[in-house]
Amino acid sequence: MNPRIVAATAGRVLRQLRHDPRTIALLVVVPGALLALVHFMYAEQPTPPGQPSTFDRVALVMLGFFPFMVMFLVTSIAMLRERTTGTLERLLTTPLGKLDLLLGYALAFGLAATVQAVVSGAVAYGLLDLDTAGSGGLVVVIAVVTALLGMALGLLCSAFARTEFQAVQFMPVVVAPQLLLCGLFVPREQMAGWLRAVSDALPLSYAVEALREVGAHAEPTTTMWRDLAVVAASALLALVLAAATLRRRSG
């Protein structure tokens with residue numbers, strides 16, 4: 001790994017993002033807007049005494065899911081565009097290695113994910129009155145790591161797509177099952193045995209559990225740190241697999 005090449009790659013990706021206002025809006029504005037929509041959906045729901053409101057429970061999970069989903073979509077299409085335009089093939093004739101390229105993407109989108117998570121957290125806590133027992137800063141950290149997971153999975157899946165439409169088709173295959181089985185709709189312990197096993201193998205389940213630990217406990221718990229480590233390790237594994245499967249062009 002060459003740090004100078006990684007930094008140069010990250011700078012190039014950030015410059016591309018800066019000149020793409022639609023992607024900036026998707027990364028920064030859309031998650032907060034969707035959280036506001038969730039808030040209005042549950043605004044009239046009664047809250048049992050001593051229990052968190054429905055909005056608090058759902059929005060806490062969405063603070064992790066929305067960045068995950070958006071980063072998956074943006075990075076899978078961005079990398080595919082690099083291949084289909086021939087940019088990637090030209091880059092890989094230089095000293096730039098595959099891992100340098102993907103680490104540059106990770107650095108650039110990691111910065112974008114941090115901005116995204118901070119803005120979403122500010123909207124949730126500052127404007128929508130999200131209430132959690134733990135620190136909002138921890139929620140932001142978990143959201144950033146979850147966004148990096150979405151980015152890494154997006155880079156991995158882009159290797160198996162030939163068109164942008166095919167890249168989008170991976171969303172119901174990779175993203176939707178993780179949302180359905182993460183415990184948002186049905187507690188994981190109440191799922192059928194085989195579904196629980198599948199849920200245990202999906203990294204988003206651990207991100208959701210980590211967020212709920214912050215929502216329920218004033219201090220960081222061992223479970224939260226363990227879950228955060230699982231999500232980070234899953235992102236790193238996906239990034240390594242993406243480097244191994246990266247192709248110069250779409251055939």
# chains A, B, ... in the order shown; residues from 1 in each chain; ligands from 1
$ residues_around --residues "Val70 (chain A)" --least-positions-apart "5" --cutoff "8 Å" --atoms "only C-alpha atoms" --output "MDAnalysis selection string"
chainID A and resid 26:27 147 150
$ residues_around --residues "region 195-208 of chain A" --least-positions-apart "4" --cutoff "6 Å" --atoms "only C-alpha atoms" --output "MDAnalysis selection string"
chainID A and resid 61 178 181:182 191 227 231
$ residues_around --residues "Gly110 (chain A)" --least-positions-apart "4" --cutoff "7 Å" --atoms "only C-alpha atoms" --output "VMD selection string"
chain A and resid 106 114 148
$ write_last_selection --atoms "all heavy atoms" --output "PDB file, in the first residue's frame"
ATOM      1  N   ALA A 106     -12.306   4.121  -0.067  1.00  0.00           N
ATOM      2  CA  ALA A 106     -12.751   4.006   1.325  1.00  0.00           C
ATOM      3  C   ALA A 106     -12.484   5.295   2.090  1.00  0.00           C
ATOM      4  O   ALA A 106     -13.325   5.742   2.893  1.00  0.00           O
ATOM      5  CB  ALA A 106     -12.052   2.827   1.995  1.00  0.00           C
ATOM      6  N   THR A 114     -18.844  10.320   7.163  1.00  0.00           N
ATOM      7  CA  THR A 114     -18.780  11.062   8.421  1.00  0.00           C
ATOM      8  C   THR A 114     -19.653  12.303   8.359  1.00  0.00           C
ATOM      9  O   THR A 114     -20.420  12.603   9.288  1.00  0.00           O
ATOM     10  CB  THR A 114     -17.326  11.452   8.731  1.00  0.00           C
ATOM     11  OG1 THR A 114     -16.528  10.263   8.818  1.00  0.00           O
ATOM     12  CG2 THR A 114     -17.232  12.211  10.033  1.00  0.00           C
ATOM     13  N   LEU A 148     -19.557   2.615   5.985  1.00  0.00           N
ATOM     14  CA  LEU A 148     -18.371   2.019   5.359  1.00  0.00           C
ATOM     15  C   LEU A 148     -18.630   0.568   4.965  1.00  0.00           C
ATOM     16  O   LEU A 148     -18.112   0.095   3.946  1.00  0.00           O
ATOM     17  CB  LEU A 148     -17.182   2.109   6.307  1.00  0.00           C
ATOM     18  CG  LEU A 148     -16.638   3.522   6.557  1.00  0.00           C
ATOM     19  CD1 LEU A 148     -15.530   3.493   7.607  1.00  0.00           C
ATOM     20  CD2 LEU A 148     -16.115   4.123   5.261  1.00  0.00           C
TER      21      LEU A 148
END
$ residues_around --residues "Ser158 (chain A)" --least-positions-apart "3" --cutoff "9 Å" --atoms "only C-alpha atoms" --output "PDB file with C-alpha atoms, in the first residue's frame"
ATOM      1  CA  THR A  75     -20.218   3.320  -4.537  1.00  0.00           C
ATOM      2  CA  SER A  76     -21.448   0.384  -6.610  1.00  0.00           C
ATOM      3  CA  ILE A  77     -22.464   2.721  -9.435  1.00  0.00           C
ATOM      4  CA  ALA A  78     -19.369   4.933  -9.094  1.00  0.00           C
ATOM      5  CA  MET A  79     -16.963   1.997  -9.404  1.00  0.00           C
ATOM      6  CA  LEU A  80     -18.932   0.501 -12.276  1.00  0.00           C
ATOM      7  CA  LEU A 153     -20.314  -4.242  -0.131  1.00  0.00           C
ATOM      8  CA  GLY A 154     -21.133  -1.838  -2.961  1.00  0.00           C
ATOM      9  CA  LEU A 155     -17.564  -2.045  -4.274  1.00  0.00           C
ATOM     10  CA  ALA A 161     -22.353  -6.010 -12.667  1.00  0.00           C
ATOM     11  CA  ARG A 162     -21.921  -4.928 -16.271  1.00  0.00           C
ATOM     12  CA  GLU A 164     -25.641   0.490 -13.773  1.00  0.00           C
ATOM     13  CA  GLN A 166     -27.436  -4.493 -12.886  1.00  0.00           C
ATOM     14  CA  ALA A 167     -25.654  -2.715 -10.032  1.00  0.00           C
ATOM     15  CA  PHE A 170     -28.070  -6.026  -6.218  1.00  0.00           C
ATOM     16  CA  ALA A 242     -13.552  -6.380  -3.668  1.00  0.00           C
ATOM     17  CA  LEU A 246     -11.958  -6.056  -9.201  1.00  0.00           C
TER      18      LEU A 246
END
$ residues_around --residues "Ser120 (chain A)" --least-positions-apart "6" --cutoff "8 Å" --atoms "only C-alpha atoms" --output "VMD selection string"
chain A and resid 28 31 to 32 35 63
$ closest_residue --among "A:Val13, A:Ala7, A:Leu138, A:Val58" --to "Met224 (chain A)" --atoms "only C-alpha atoms"
A:Leu138
$ closest_residue --among "A:His39, A:Ala152, A:Val168, A:Trp194" --to "Ser53 (chain A)" --atoms "only C-alpha atoms"
A:His39
$ atom_distance --atom1 "CA of Pro46 (chain A)" --atom2 "CA of Glu189 (chain A)"
25.3 Å
$ closest_residue --among "A:Gln45, A:Gln116, A:Thr9, A:Thr54" --to "Ile24 (chain A)" --atoms "only C-alpha atoms"
A:Gln116
$ atom_distance --atom1 "CA of Thr245 (chain A)" --atom2 "CA of Leu102 (chain A)"
11.5 Å
$ closest_residue --among "A:Ala113, A:Val30, A:Val74, A:Val186" --to "Val145 (chain A)" --atoms "only C-alpha atoms"
A:Ala113
$ closest_residue --among "A:Ala243, A:Ala210, A:Ala176, A:Ala133" --to "Thr223 (chain A)" --atoms "only C-alpha atoms"
A:Ala210
$ atom_distance --atom1 "CA of Pro21 (chain A)" --atom2 "CA of Thr163 (chain A)"
22.2 Å
$ closest_residue --among "A:Val141, A:Val230, A:Leu37, A:Val6" --to "Val214 (chain A)" --atoms "only C-alpha atoms"
A:Val141
